[in-house]
Amino acid sequence: MSSTTGSTTPRPEVRRAAVITAGRAATSGDALERLRALARERGVELVLPDEETEKHGDEHAGEVEGADLAVVLGGDGTMLRALRRFLGTPVPVIGVNLGRVGFLTSVPAGSVEEGVGRAFAGEYEVVELPTLDVGGERWSAVNDVVVTSSTLGRMIELGWTIGGEDLGSLPCDGLICSTPSGSTAYNLSNGGPVLVWGLDAMTITFVAPHSLHARPLVVPRGRALEVTNRTADVSATVLVDGQQVHELAPGDAVEARLSERRSLLATLPESTFFSRYRQTFVAE
């Protein structure tokens, strides 16, 4: 199955919406009140996971996995957390941008009523985005997996294979393997290629390689990446979506491959990949 860029099939009106908010209640409090008012007006039940009810003092706790739609009030970090939470469920995630960049969000902060109201009416599309299985199926990455030195300021040597074929080793600060949704994050900052939503592939980009010939690669589905720590005296840290999950001692390896599971990103019809790309990254 290939990644899809969005479905134009009319969607039913939303009757039950989950809510995920940014880390601090003060950041999302005003937007949450506006969302509550909109939900009352439209007859939509809002459900919040336990950690959100504790944060906001809300009584509407419920099984968020049974929602028709998840509404995120936050930035890309909160979107990432929500996409990971609903991975493997049929719940799409739409974002109201309360962050700095908000590339994954679809609704501006000042347009909660108009933007989320349209989504509640079924006026949204769903983009299916590839994710990564890391360490077999031990961890799931929505954005990326990074292997980096466990000692600040120390270079490491990483060996790598793709599809079982040895590509040698390279001294560097680390390596990034990203999905299309993650290609506009840390991967982009390190000069890696941007993958347009709809591509069923992953990128491999070295961080500060000590080489004149290291180039990023785009790898299709079906070919796994294996990274080995070939540094004699320094361990390597494995980060999945920015969270430390594992240490690689010298000689240890970790594998990453495109997963069968996909994250479901909901967008307003006009909020396309290229409109966001221009708004976020292209200088006028």
# chains A, B, ... in the order shown; residues from 1 in each chain; ligands from 1
call {"tool": "select_by_dssp", "arguments": {"residues": "segment 62-282 of chain A", "states": "alpha helix (DSSP H)", "output": "VMD selection string"}}
result
chain A and resid 76 to 85 117 to 120 186 to 189 273 to 281
call {"tool": "write_last_selection", "arguments": {"atoms": "N, CA, C and O atoms", "output": "short mmCIF file (atom, residue, chain, number, x, y, z; two decimals), in the first residue's frame"}}
result
data_model
loop_
_atom_site.label_atom_id
_atom_site.label_comp_id
_atom_site.auth_asym_id
_atom_site.auth_seq_id
_atom_site.Cartn_x
_atom_site.Cartn_y
_atom_site.Cartn_z
N ASP A 76 4.13 21.55 16.64
CA ASP A 76 4.54 20.29 16.01
C ASP A 76 4.87 19.22 17.05
O ASP A 76 4.63 18.04 16.82
N GLY A 77 5.43 19.62 18.19
CA GLY A 77 5.72 18.64 19.23
C GLY A 77 4.47 17.98 19.77
O GLY A 77 4.43 16.76 19.99
N THR A 78 3.43 18.77 19.98
CA THR A 78 2.16 18.22 20.46
C THR A 78 1.49 17.39 19.37
O THR A 78 0.89 16.35 19.66
N MET A 79 1.61 17.82 18.12
CA MET A 79 1.09 17.02 17.00
C MET A 79 1.78 15.66 16.95
O MET A 79 1.13 14.62 16.76
N LEU A 80 3.09 15.67 17.12
CA LEU A 80 3.85 14.43 17.09
C LEU A 80 3.39 13.48 18.20
O LEU A 80 3.20 12.29 17.97
N ARG A 81 3.18 14.03 19.38
CA ARG A 81 2.70 13.22 20.51
C ARG A 81 1.33 12.63 20.21
O ARG A 81 1.06 11.46 20.50
N ALA A 82 0.45 13.42 19.61
CA ALA A 82 -0.89 12.93 19.30
C ALA A 82 -0.88 11.89 18.19
O ALA A 82 -1.57 10.87 18.27
N LEU A 83 -0.10 12.14 17.14
CA LEU A 83 -0.02 11.16 16.05
C LEU A 83 0.52 9.82 16.56
O LEU A 83 0.06 8.75 16.14
N ARG A 84 1.47 9.89 17.49
CA ARG A 84 2.01 8.66 18.07
C ARG A 84 0.95 7.97 18.94
O ARG A 84 0.83 6.75 18.93
N ARG A 85 0.19 8.76 19.68
CA ARG A 85 -0.83 8.19 20.55
C ARG A 85 -1.91 7.46 19.76
O ARG A 85 -2.40 6.41 20.17
N GLY A 117 -14.45 24.26 13.10
CA GLY A 117 -15.86 24.12 12.75
C GLY A 117 -16.05 23.42 11.41
O GLY A 117 -16.93 22.58 11.26
N ARG A 118 -15.22 23.74 10.46
CA ARG A 118 -15.28 23.05 9.16
C ARG A 118 -14.92 21.57 9.32
O ARG A 118 -15.55 20.71 8.70
N ALA A 119 -13.91 21.30 10.15
CA ALA A 119 -13.55 19.90 10.38
C ALA A 119 -14.69 19.14 11.05
O ALA A 119 -14.99 18.00 10.68
N PHE A 120 -15.34 19.76 12.02
CA PHE A 120 -16.48 19.12 12.67
C PHE A 120 -17.60 18.82 11.67
O PHE A 120 -18.36 17.85 11.83
N TYR A 186 14.50 17.61 11.92
CA TYR A 186 15.95 17.53 12.11
C TYR A 186 16.68 17.18 10.82
O TYR A 186 17.77 17.68 10.53
N ASN A 187 16.06 16.33 10.01
CA ASN A 187 16.64 15.96 8.73
C ASN A 187 16.87 17.19 7.84
O ASN A 187 17.94 17.35 7.26
N LEU A 188 15.89 18.05 7.75
CA LEU A 188 16.02 19.26 6.93
C LEU A 188 17.13 20.16 7.47
O LEU A 188 17.91 20.73 6.71
N SER A 189 17.24 20.28 8.80
CA SER A 189 18.26 21.13 9.41
C SER A 189 19.66 20.66 9.08
O SER A 189 20.61 21.45 9.12
N PHE A 273 0.49 20.23 1.32
CA PHE A 273 1.91 20.17 1.65
C PHE A 273 2.65 21.39 1.11
O PHE A 273 3.43 22.03 1.82
N PHE A 274 2.40 21.73 -0.16
CA PHE A 274 3.18 22.80 -0.78
C PHE A 274 2.79 24.17 -0.24
O PHE A 274 3.62 25.08 -0.16
N SER A 275 1.52 24.37 0.13
CA SER A 275 1.14 25.66 0.73
C SER A 275 1.83 25.82 2.08
O SER A 275 2.32 26.91 2.43
N ARG A 276 1.94 24.74 2.85
CA ARG A 276 2.63 24.82 4.13
C ARG A 276 4.13 25.01 3.92
O ARG A 276 4.79 25.75 4.67
N TYR A 277 4.66 24.31 2.94
CA TYR A 277 6.10 24.41 2.66
C TYR A 277 6.47 25.85 2.32
O TYR A 277 7.45 26.39 2.85
N ARG A 278 5.69 26.47 1.46
CA ARG A 278 5.99 27.85 1.08
C ARG A 278 5.85 28.79 2.28
O ARG A 278 6.71 29.65 2.52
N GLN A 279 4.78 28.62 3.03
CA GLN A 279 4.53 29.50 4.18
C GLN A 279 5.62 29.36 5.24
O GLN A 279 6.03 30.35 5.86
N THR A 280 6.11 28.14 5.43
CA THR A 280 7.06 27.88 6.52
C THR A 280 8.51 28.11 6.13
O THR A 280 9.29 28.67 6.90
N PHE A 281 8.89 27.68 4.91
CA PHE A 281 10.31 27.62 4.58
C PHE A 281 10.76 28.57 3.47
O PHE A 281 11.97 28.79 3.32
#
call {"tool": "select_by_dssp", "arguments": {"residues": "segment 50-211 of chain A", "states": "strand (DSSP E or B)", "output": "compact mmCIF listing (two decimals) with all heavy atoms, in the first residue's frame"}}
result
# COMPACT_ATOMS: atom_id res chain seq x y z
N ALA A 61 -13.46 13.28 30.90
CA ALA A 61 -12.54 12.19 30.60
C ALA A 61 -13.28 11.11 29.82
O ALA A 61 -14.48 10.90 30.01
CB ALA A 61 -11.96 11.62 31.89
N LEU A 69 -12.45 12.17 15.61
CA LEU A 69 -11.37 13.06 15.21
C LEU A 69 -10.64 13.49 16.48
O LEU A 69 -11.26 13.62 17.54
CB LEU A 69 -11.95 14.30 14.51
CG LEU A 69 -10.98 15.37 13.99
CD1 LEU A 69 -10.19 14.86 12.80
CD2 LEU A 69 -11.75 16.65 13.61
N ALA A 70 -9.34 13.69 16.38
CA ALA A 70 -8.57 14.25 17.48
C ALA A 70 -8.16 15.67 17.11
O ALA A 70 -7.64 15.90 16.01
CB ALA A 70 -7.34 13.41 17.77
N VAL A 71 -8.39 16.61 18.01
CA VAL A 71 -8.03 18.01 17.81
C VAL A 71 -6.86 18.33 18.72
O VAL A 71 -6.93 18.15 19.94
CB VAL A 71 -9.20 18.96 18.11
CG1 VAL A 71 -8.78 20.41 17.90
CG2 VAL A 71 -10.40 18.62 17.22
N VAL A 72 -5.77 18.81 18.13
CA VAL A 72 -4.57 19.17 18.87
C VAL A 72 -4.49 20.68 19.00
O VAL A 72 -4.62 21.40 18.00
CB VAL A 72 -3.31 18.62 18.18
CG1 VAL A 72 -2.05 19.24 18.78
CG2 VAL A 72 -3.25 17.11 18.30
N LEU A 73 -4.28 21.15 20.22
CA LEU A 73 -4.04 22.57 20.47
C LEU A 73 -2.59 22.70 20.89
O LEU A 73 -2.22 22.46 22.04
CB LEU A 73 -4.98 23.08 21.57
CG LEU A 73 -6.48 22.85 21.36
CD1 LEU A 73 -7.27 23.34 22.57
CD2 LEU A 73 -6.96 23.55 20.09
N GLY A 74 -1.72 23.05 19.94
CA GLY A 74 -0.29 23.11 20.23
C GLY A 74 0.50 23.25 18.95
O GLY A 74 -0.03 23.63 17.91
N VAL A 93 -5.85 13.06 13.08
CA VAL A 93 -5.45 14.14 13.99
C VAL A 93 -5.33 15.44 13.21
O VAL A 93 -4.61 15.52 12.21
CB VAL A 93 -4.09 13.79 14.64
CG1 VAL A 93 -3.63 14.95 15.55
CG2 VAL A 93 -4.17 12.49 15.43
N ILE A 94 -6.04 16.48 13.68
CA ILE A 94 -5.94 17.81 13.07
C ILE A 94 -5.41 18.77 14.12
O ILE A 94 -5.70 18.64 15.31
CB ILE A 94 -7.31 18.29 12.52
CG1 ILE A 94 -7.12 19.51 11.61
CG2 ILE A 94 -8.30 18.58 13.64
CD1 ILE A 94 -8.34 19.86 10.78
N GLY A 95 -4.59 19.74 13.69
CA GLY A 95 -3.92 20.62 14.63
C GLY A 95 -4.29 22.08 14.49
O GLY A 95 -4.45 22.60 13.39
N VAL A 96 -4.42 22.75 15.65
CA VAL A 96 -4.51 24.21 15.73
C VAL A 96 -3.15 24.70 16.19
O VAL A 96 -2.65 24.30 17.24
CB VAL A 96 -5.60 24.65 16.73
CG1 VAL A 96 -5.63 26.17 16.86
CG2 VAL A 96 -6.97 24.11 16.31
N ASN A 97 -2.52 25.55 15.41
CA ASN A 97 -1.13 25.91 15.65
C ASN A 97 -0.99 26.94 16.78
O ASN A 97 -1.29 28.12 16.61
CB ASN A 97 -0.49 26.47 14.38
CG ASN A 97 0.98 26.78 14.58
OD1 ASN A 97 1.63 26.20 15.44
ND2 ASN A 97 1.50 27.70 13.77
N VAL A 107 -4.78 24.57 11.20
CA VAL A 107 -5.66 25.69 11.55
C VAL A 107 -4.85 26.75 12.30
O VAL A 107 -4.20 26.44 13.31
CB VAL A 107 -6.82 25.21 12.45
CG1 VAL A 107 -7.73 26.37 12.82
CG2 VAL A 107 -7.61 24.11 11.75
N PRO A 108 -4.86 28.02 11.83
CA PRO A 108 -4.17 29.08 12.57
C PRO A 108 -4.80 29.29 13.95
O PRO A 108 -5.99 29.02 14.15
CB PRO A 108 -4.36 30.32 11.68
CG PRO A 108 -4.71 29.78 10.33
CD PRO A 108 -5.44 28.50 10.57
N GLU A 125 -9.54 16.50 4.90
CA GLU A 125 -8.94 15.37 4.20
C GLU A 125 -7.98 14.66 5.14
O GLU A 125 -7.52 15.25 6.13
CB GLU A 125 -8.20 15.85 2.95
CG GLU A 125 -9.13 16.52 1.94
CD GLU A 125 -8.39 17.06 0.72
OE1 GLU A 125 -7.13 17.02 0.74
OE2 GLU A 125 -9.06 17.50 -0.22
N VAL A 126 -7.67 13.41 4.84
CA VAL A 126 -6.75 12.63 5.67
C VAL A 126 -5.57 12.18 4.83
O VAL A 126 -5.74 11.59 3.76
CB VAL A 126 -7.45 11.40 6.29
CG1 VAL A 126 -6.44 10.54 7.05
CG2 VAL A 126 -8.58 11.84 7.22
N VAL A 127 -4.38 12.51 5.32
CA VAL A 127 -3.14 12.09 4.68
C VAL A 127 -2.56 10.93 5.48
O VAL A 127 -2.37 11.05 6.69
CB VAL A 127 -2.12 13.24 4.63
CG1 VAL A 127 -0.85 12.80 3.89
CG2 VAL A 127 -2.72 14.47 3.97
N GLU A 128 -2.32 9.81 4.81
CA GLU A 128 -1.71 8.66 5.46
C GLU A 128 -0.20 8.76 5.30
O GLU A 128 0.32 8.77 4.19
CB GLU A 128 -2.21 7.35 4.84
CG GLU A 128 -3.70 7.13 5.02
CD GLU A 128 -4.15 5.80 4.43
OE1 GLU A 128 -3.29 5.02 3.98
OE2 GLU A 128 -5.37 5.57 4.41
N LEU A 129 0.51 8.84 6.43
CA LEU A 129 1.95 9.07 6.41
C LEU A 129 2.69 7.85 6.94
O LEU A 129 2.34 7.32 8.00
CB LEU A 129 2.30 10.30 7.24
CG LEU A 129 1.75 11.63 6.71
CD1 LEU A 129 1.94 12.72 7.74
CD2 LEU A 129 2.45 12.00 5.40
N PRO A 130 3.75 7.40 6.25
CA PRO A 130 4.51 6.25 6.72
C PRO A 130 5.16 6.51 8.07
O PRO A 130 5.52 7.65 8.41
CB PRO A 130 5.58 6.05 5.64
CG PRO A 130 5.07 6.78 4.44
CD PRO A 130 4.26 7.92 4.97
N THR A 131 5.32 5.46 8.86
CA THR A 131 6.07 5.51 10.10
C THR A 131 7.19 4.49 10.03
O THR A 131 7.32 3.75 9.05
CB THR A 131 5.16 5.22 11.31
OG1 THR A 131 4.64 3.88 11.20
CG2 THR A 131 4.01 6.22 11.38
N LEU A 132 8.01 4.44 11.07
CA LEU A 132 9.15 3.52 11.11
C LEU A 132 8.99 2.51 12.24
O LEU A 132 8.54 2.87 13.34
CB LEU A 132 10.46 4.29 11.33
CG LEU A 132 10.87 5.31 10.28
CD1 LEU A 132 12.10 6.09 10.77
CD2 LEU A 132 11.18 4.62 8.95
N ASP A 133 9.37 1.26 11.96
CA ASP A 133 9.60 0.28 13.01
C ASP A 133 11.08 0.31 13.34
O ASP A 133 11.92 0.19 12.44
CB ASP A 133 9.19 -1.13 12.55
CG ASP A 133 7.69 -1.33 12.50
OD1 ASP A 133 6.98 -0.65 13.28
OD2 ASP A 133 7.23 -2.16 11.70
N VAL A 134 11.40 0.44 14.60
CA VAL A 134 12.79 0.55 15.04
C VAL A 134 13.08 -0.59 16.02
O VAL A 134 12.30 -0.84 16.93
CB VAL A 134 13.05 1.90 15.74
CG1 VAL A 134 14.53 2.04 16.13
CG2 VAL A 134 12.62 3.06 14.84
N TRP A 139 10.06 -0.26 18.92
CA TRP A 139 9.67 1.14 19.00
C TRP A 139 9.08 1.58 17.67
O TRP A 139 9.45 1.07 16.61
CB TRP A 139 10.87 2.03 19.33
CG TRP A 139 11.60 1.63 20.57
CD1 TRP A 139 11.20 1.80 21.87
CD2 TRP A 139 12.89 1.00 20.63
NE1 TRP A 139 12.14 1.31 22.73
CE2 TRP A 139 13.19 0.81 22.00
CE3 TRP A 139 13.80 0.57 19.67
CZ2 TRP A 139 14.37 0.21 22.43
CZ3 TRP A 139 14.98 -0.03 20.09
CH2 TRP A 139 15.25 -0.21 21.45
N SER A 140 8.17 2.55 17.72
CA SER A 140 7.57 3.14 16.52
C SER A 140 7.95 4.61 16.45
O SER A 140 7.86 5.33 17.45
CB SER A 140 6.05 3.00 16.55
OG SER A 140 5.66 1.66 16.48
N ALA A 141 8.36 5.05 15.27
CA ALA A 141 8.73 6.45 15.06
C ALA A 141 7.79 7.08 14.05
O ALA A 141 7.63 6.57 12.94
CB ALA A 141 10.17 6.56 14.57
N ASP A 144 11.22 10.37 13.22
CA ASP A 144 12.56 9.93 12.89
C ASP A 144 13.18 9.09 14.00
O ASP A 144 12.70 9.07 15.13
CB ASP A 144 13.48 11.12 12.57
CG ASP A 144 13.50 12.18 13.67
OD1 ASP A 144 13.38 11.83 14.85
OD2 ASP A 144 13.63 13.38 13.34
N VAL A 145 14.26 8.40 13.63
CA VAL A 145 15.14 7.75 14.59
C VAL A 145 16.53 8.33 14.36
O VAL A 145 16.96 8.50 13.22
CB VAL A 145 15.13 6.21 14.45
CG1 VAL A 145 15.45 5.77 13.03
CG2 VAL A 145 16.11 5.57 15.42
N VAL A 146 17.20 8.67 15.45
CA VAL A 146 18.52 9.27 15.39
C VAL A 146 19.48 8.42 16.21
O VAL A 146 19.16 8.03 17.34
CB VAL A 146 18.50 10.72 15.93
CG1 VAL A 146 19.91 11.31 15.95
CG2 VAL A 146 17.57 11.59 15.11
N VAL A 147 20.64 8.13 15.64
CA VAL A 147 21.72 7.48 16.39
C VAL A 147 22.84 8.51 16.53
O VAL A 147 23.33 9.05 15.52
CB VAL A 147 22.24 6.23 15.65
CG1 VAL A 147 23.35 5.57 16.47
CG2 VAL A 147 21.11 5.24 15.42
N THR A 148 23.21 8.81 17.78
CA THR A 148 24.17 9.88 18.02
C THR A 148 25.12 9.49 19.15
O THR A 148 24.85 8.55 19.90
CB THR A 148 23.44 11.20 18.35
OG1 THR A 148 24.37 12.27 18.42
CG2 THR A 148 22.69 11.10 19.67
N SER A 149 26.20 10.22 19.29
CA SER A 149 27.17 9.93 20.34
C SER A 149 26.54 10.13 21.71
O SER A 149 25.81 11.10 21.95
CB SER A 149 28.40 10.83 20.19
OG SER A 149 29.30 10.65 21.27
N ILE A 156 31.63 9.79 16.70
CA ILE A 156 31.51 8.34 16.68
C ILE A 156 31.68 7.83 15.26
O ILE A 156 31.57 8.60 14.31
CB ILE A 156 30.16 7.85 17.25
CG1 ILE A 156 28.99 8.53 16.52
CG2 ILE A 156 30.09 8.06 18.74
CD1 ILE A 156 27.62 8.01 16.95
N GLU A 157 31.94 6.55 15.14
CA GLU A 157 32.03 5.91 13.83
C GLU A 157 30.86 4.96 13.69
O GLU A 157 30.68 4.05 14.51
CB GLU A 157 33.34 5.15 13.66
CG GLU A 157 33.51 4.57 12.26
CD GLU A 157 34.90 4.02 12.00
OE1 GLU A 157 35.79 4.30 12.82
OE2 GLU A 157 35.08 3.33 10.98
N LEU A 158 30.06 5.17 12.65
CA LEU A 158 28.87 4.36 12.44
C LEU A 158 29.00 3.56 11.15
O LEU A 158 29.31 4.11 10.09
CB LEU A 158 27.61 5.24 12.35
CG LEU A 158 27.25 6.02 13.62
CD1 LEU A 158 26.01 6.88 13.37
CD2 LEU A 158 27.02 5.08 14.79
N GLY A 159 28.77 2.26 11.25
CA GLY A 159 28.66 1.42 10.07
C GLY A 159 27.20 1.33 9.67
O GLY A 159 26.31 1.42 10.52
N TRP A 160 26.95 1.17 8.37
CA TRP A 160 25.55 1.11 7.94
C TRP A 160 25.38 0.18 6.76
O TRP A 160 26.26 0.04 5.92
CB TRP A 160 25.00 2.51 7.63
CG TRP A 160 25.75 3.32 6.62
CD1 TRP A 160 27.10 3.53 6.54
CD2 TRP A 160 25.18 4.04 5.53
NE1 TRP A 160 27.41 4.35 5.48
CE2 TRP A 160 26.27 4.69 4.84
CE3 TRP A 160 23.88 4.23 5.07
CZ2 TRP A 160 26.06 5.49 3.72
CZ3 TRP A 160 23.68 5.04 3.95
CH2 TRP A 160 24.76 5.66 3.29
N THR A 161 24.24 -0.49 6.76
CA THR A 161 23.85 -1.35 5.65
C THR A 161 22.42 -0.99 5.26
O THR A 161 21.62 -0.56 6.10
CB THR A 161 23.92 -2.85 6.00
OG1 THR A 161 22.87 -3.16 6.95
CG2 THR A 161 25.26 -3.22 6.61
N ILE A 162 22.10 -1.18 3.99
CA ILE A 162 20.73 -1.00 3.50
C ILE A 162 20.34 -2.25 2.75
O ILE A 162 21.04 -2.68 1.81
CB ILE A 162 20.60 0.23 2.58
CG1 ILE A 162 20.92 1.51 3.35
CG2 ILE A 162 19.19 0.32 2.00
CD1 ILE A 162 20.89 2.76 2.51
N GLU A 165 23.07 -4.84 2.36
CA GLU A 165 24.29 -4.51 1.63
C GLU A 165 25.13 -3.51 2.43
O GLU A 165 24.66 -2.44 2.80
CB GLU A 165 23.95 -3.93 0.26
CG GLU A 165 23.24 -4.91 -0.66
CD GLU A 165 23.14 -4.40 -2.08
OE1 GLU A 165 24.21 -4.10 -2.68
OE2 GLU A 165 22.02 -4.29 -2.59
N ASP A 166 26.38 -3.86 2.65
CA ASP A 166 27.28 -3.05 3.47
C ASP A 166 27.71 -1.79 2.73
O ASP A 166 28.19 -1.85 1.59
CB ASP A 166 28.51 -3.90 3.82
CG ASP A 166 29.44 -3.19 4.79
OD1 ASP A 166 29.07 -2.11 5.29
OD2 ASP A 166 30.54 -3.73 5.06
N LEU A 167 27.52 -0.64 3.38
CA LEU A 167 27.92 0.63 2.80
C LEU A 167 29.10 1.25 3.55
O LEU A 167 29.38 2.45 3.40
CB LEU A 167 26.73 1.60 2.79
CG LEU A 167 25.60 1.19 1.83
CD1 LEU A 167 24.37 2.04 2.05
CD2 LEU A 167 26.07 1.30 0.39
N GLY A 168 29.81 0.44 4.34
CA GLY A 168 31.00 0.92 5.01
C GLY A 168 30.70 1.60 6.33
O GLY A 168 29.66 1.39 6.96
N SER A 169 31.62 2.45 6.75
CA SER A 169 31.46 3.18 8.01
C SER A 169 31.92 4.62 7.82
O SER A 169 32.68 4.92 6.89
CB SER A 169 32.23 2.50 9.14
OG SER A 169 33.61 2.47 8.85
N LEU A 170 31.46 5.49 8.72
CA LEU A 170 31.74 6.91 8.55
C LEU A 170 31.87 7.58 9.92
O LEU A 170 30.98 7.44 10.77
CB LEU A 170 30.59 7.57 7.78
CG LEU A 170 30.81 8.96 7.20
CD1 LEU A 170 31.95 8.96 6.19
CD2 LEU A 170 29.52 9.45 6.54
N PRO A 171 32.95 8.33 10.17
CA PRO A 171 33.03 9.14 11.38
C PRO A 171 32.04 10.31 11.25
O PRO A 171 31.97 10.96 10.21
CB PRO A 171 34.48 9.64 11.39
CG PRO A 171 35.19 8.80 10.38
CD PRO A 171 34.18 8.40 9.37
N CYS A 172 31.31 10.58 12.31
CA CYS A 172 30.26 11.60 12.25
C CYS A 172 29.77 11.92 13.66
O CYS A 172 30.19 11.29 14.63
CB CYS A 172 29.09 11.10 11.39
SG CYS A 172 28.33 9.58 12.03
N GLY A 174 26.42 11.74 14.08
CA GLY A 174 25.23 10.91 14.18
C GLY A 174 24.61 10.64 12.82
O GLY A 174 25.15 11.05 11.78
N LEU A 175 23.48 9.96 12.84
CA LEU A 175 22.75 9.61 11.62
C LEU A 175 21.26 9.75 11.91
O LEU A 175 20.78 9.38 12.98
CB LEU A 175 23.09 8.18 11.20
CG LEU A 175 22.39 7.61 9.96
CD1 LEU A 175 23.32 6.64 9.23
CD2 LEU A 175 21.10 6.88 10.34
N ILE A 176 20.54 10.27 10.92
CA ILE A 176 19.09 10.46 11.02
C ILE A 176 18.40 9.61 9.96
O ILE A 176 18.75 9.68 8.79
CB ILE A 176 18.68 11.93 10.77
CG1 ILE A 176 19.50 12.89 11.64
CG2 ILE A 176 17.19 12.14 10.99
CD1 ILE A 176 19.47 14.32 11.13
N CYS A 177 17.42 8.84 10.37
CA CYS A 177 16.54 8.14 9.44
C CYS A 177 15.14 8.69 9.67
O CYS A 177 14.59 8.56 10.77
CB CYS A 177 16.58 6.63 9.69
SG CYS A 177 15.49 5.68 8.61
N SER A 178 14.57 9.32 8.65
CA SER A 178 13.30 10.02 8.85
C SER A 178 12.22 9.57 7.88
O SER A 178 12.50 9.09 6.78
CB SER A 178 13.48 11.54 8.75
OG SER A 178 13.69 11.93 7.42
N ALA A 201 8.65 6.34 1.38
CA ALA A 201 10.10 6.19 1.47
C ALA A 201 10.59 6.80 2.77
O ALA A 201 9.84 7.44 3.51
CB ALA A 201 10.78 6.88 0.27
N MET A 202 11.89 6.58 3.05
CA MET A 202 12.53 7.17 4.22
C MET A 202 13.86 7.79 3.78
O MET A 202 14.44 7.40 2.77
CB MET A 202 12.76 6.13 5.33
CG MET A 202 13.66 4.97 4.93
SD MET A 202 13.70 3.70 6.24
CE MET A 202 15.00 2.61 5.60
N THR A 203 14.33 8.77 4.53
CA THR A 203 15.60 9.42 4.23
C THR A 203 16.66 8.97 5.23
O THR A 203 16.36 8.66 6.38
CB THR A 203 15.50 10.94 4.28
OG1 THR A 203 15.29 11.35 5.64
CG2 THR A 203 14.36 11.45 3.44
N ILE A 204 17.91 8.95 4.77
CA ILE A 204 19.05 8.67 5.64
C ILE A 204 20.05 9.80 5.45
O ILE A 204 20.54 10.04 4.35
CB ILE A 204 19.69 7.31 5.30
CG1 ILE A 204 18.68 6.19 5.47
CG2 ILE A 204 20.92 7.07 6.17
CD1 ILE A 204 19.15 4.85 4.92
N THR A 205 20.31 10.52 6.55
CA THR A 205 21.17 11.70 6.50
C THR A 205 22.17 11.66 7.65
O THR A 205 21.76 11.49 8.80
CB THR A 205 20.33 13.00 6.60
OG1 THR A 205 19.35 13.01 5.55
CG2 THR A 205 21.20 14.23 6.49
N PHE A 206 23.45 11.82 7.35
CA PHE A 206 24.47 11.87 8.40
C PHE A 206 24.54 13.27 9.00
O PHE A 206 24.33 14.27 8.31
CB PHE A 206 25.84 11.46 7.85
CG PHE A 206 26.00 9.98 7.68
CD1 PHE A 206 25.69 9.37 6.47
CD2 PHE A 206 26.44 9.20 8.74
CE1 PHE A 206 25.83 8.01 6.31
CE2 PHE A 206 26.58 7.83 8.59
CZ PHE A 206 26.27 7.23 7.38
N VAL A 207 24.85 13.32 10.30
CA VAL A 207 25.02 14.59 11.00
C VAL A 207 26.52 14.89 11.09
O VAL A 207 27.29 14.10 11.65
CB VAL A 207 24.42 14.53 12.42
CG1 VAL A 207 24.61 15.88 13.13
CG2 VAL A 207 22.95 14.14 12.37
call {"tool": "closest_residue", "arguments": {"among": "A:Leu104, A:Val112, A:Val196, A:Leu152", "to": "Ala266 of chain A", "atoms": "only C-alpha atoms"}}
result
A:Leu104
call {"tool": "closest_residue", "arguments": {"among": "A:Thr231, A:Thr184, A:Ser211, A:Ser259", "to": "Gly102 of chain A", "atoms": "only C-alpha atoms"}}
result
A:Thr184
call {"tool": "closest_residue", "arguments": {"among": "A:Ala39, A:Val194, A:Ala22, A:Thr89", "to": "His56 of chain A", "atoms": "only C-alpha atoms"}}
result
A:Ala22
call {"tool": "closest_residue", "arguments": {"among": "A:Gly242, A:Pro90, A:Gly251, A:Gly163", "to": "Gly222 of chain A", "atoms": "only C-alpha atoms"}}
result
A:Gly163
call {"tool": "closest_residue", "arguments": {"among": "A:Gly29, A:Pro269, A:Gly198, A:Gly122", "to": "Pro12 of chain A", "atoms": "only C-alpha atoms"}}
result
A:Gly122
call {"tool": "atom_distance", "arguments": {"atom1": "atom CA of Phe103 of chain A", "atom2": "atom CA of Asp30 of chain A"}}
result
21.3 Å
call {"tool": "residues_around", "arguments": {"residues": "Ser181 of chain A", "least_positions_apart": "2", "cutoff": "6 Å", "atoms": "only C-alpha atoms", "output": "PDB file with N, CA and C atoms, in the first residue's frame"}}
result
ATOM      1  N   ASN A 143       8.230  10.486  13.301  1.00  0.00           N
ATOM      2  CA  ASN A 143       9.109  11.437  12.623  1.00  0.00           C
ATOM      3  C   ASN A 143      10.443  10.828  12.215  1.00  0.00           C
ATOM      4  N   THR A 179      10.997   9.772   8.295  1.00  0.00           N
ATOM      5  CA  THR A 179       9.811   9.554   7.470  1.00  0.00           C
ATOM      6  C   THR A 179       9.530  10.815   6.661  1.00  0.00           C
ATOM      7  N   SER A 183      10.879  14.493   7.601  1.00  0.00           N
ATOM      8  CA  SER A 183      11.915  15.023   6.708  1.00  0.00           C
ATOM      9  C   SER A 183      12.019  16.537   6.770  1.00  0.00           C
TER      10      SER A 183
END
call {"tool": "closest_residue", "arguments": {"among": "A:Val14, A:Leu35, A:Ala25, A:Val142", "to": "Glu51 of chain A", "atoms": "only C-alpha atoms"}}
result
A:Ala25
call {"tool": "atom_distance", "arguments": {"atom1": "atom CA of Thr27 of chain A", "atom2": "atom CA of Ser106 of chain A"}}
result
17.9 Å
call {"tool": "atom_distance", "arguments": {"atom1": "atom CA of Pro193 of chain A", "atom2": "atom CA of Leu98 of chain A"}}
result
26.6 Å
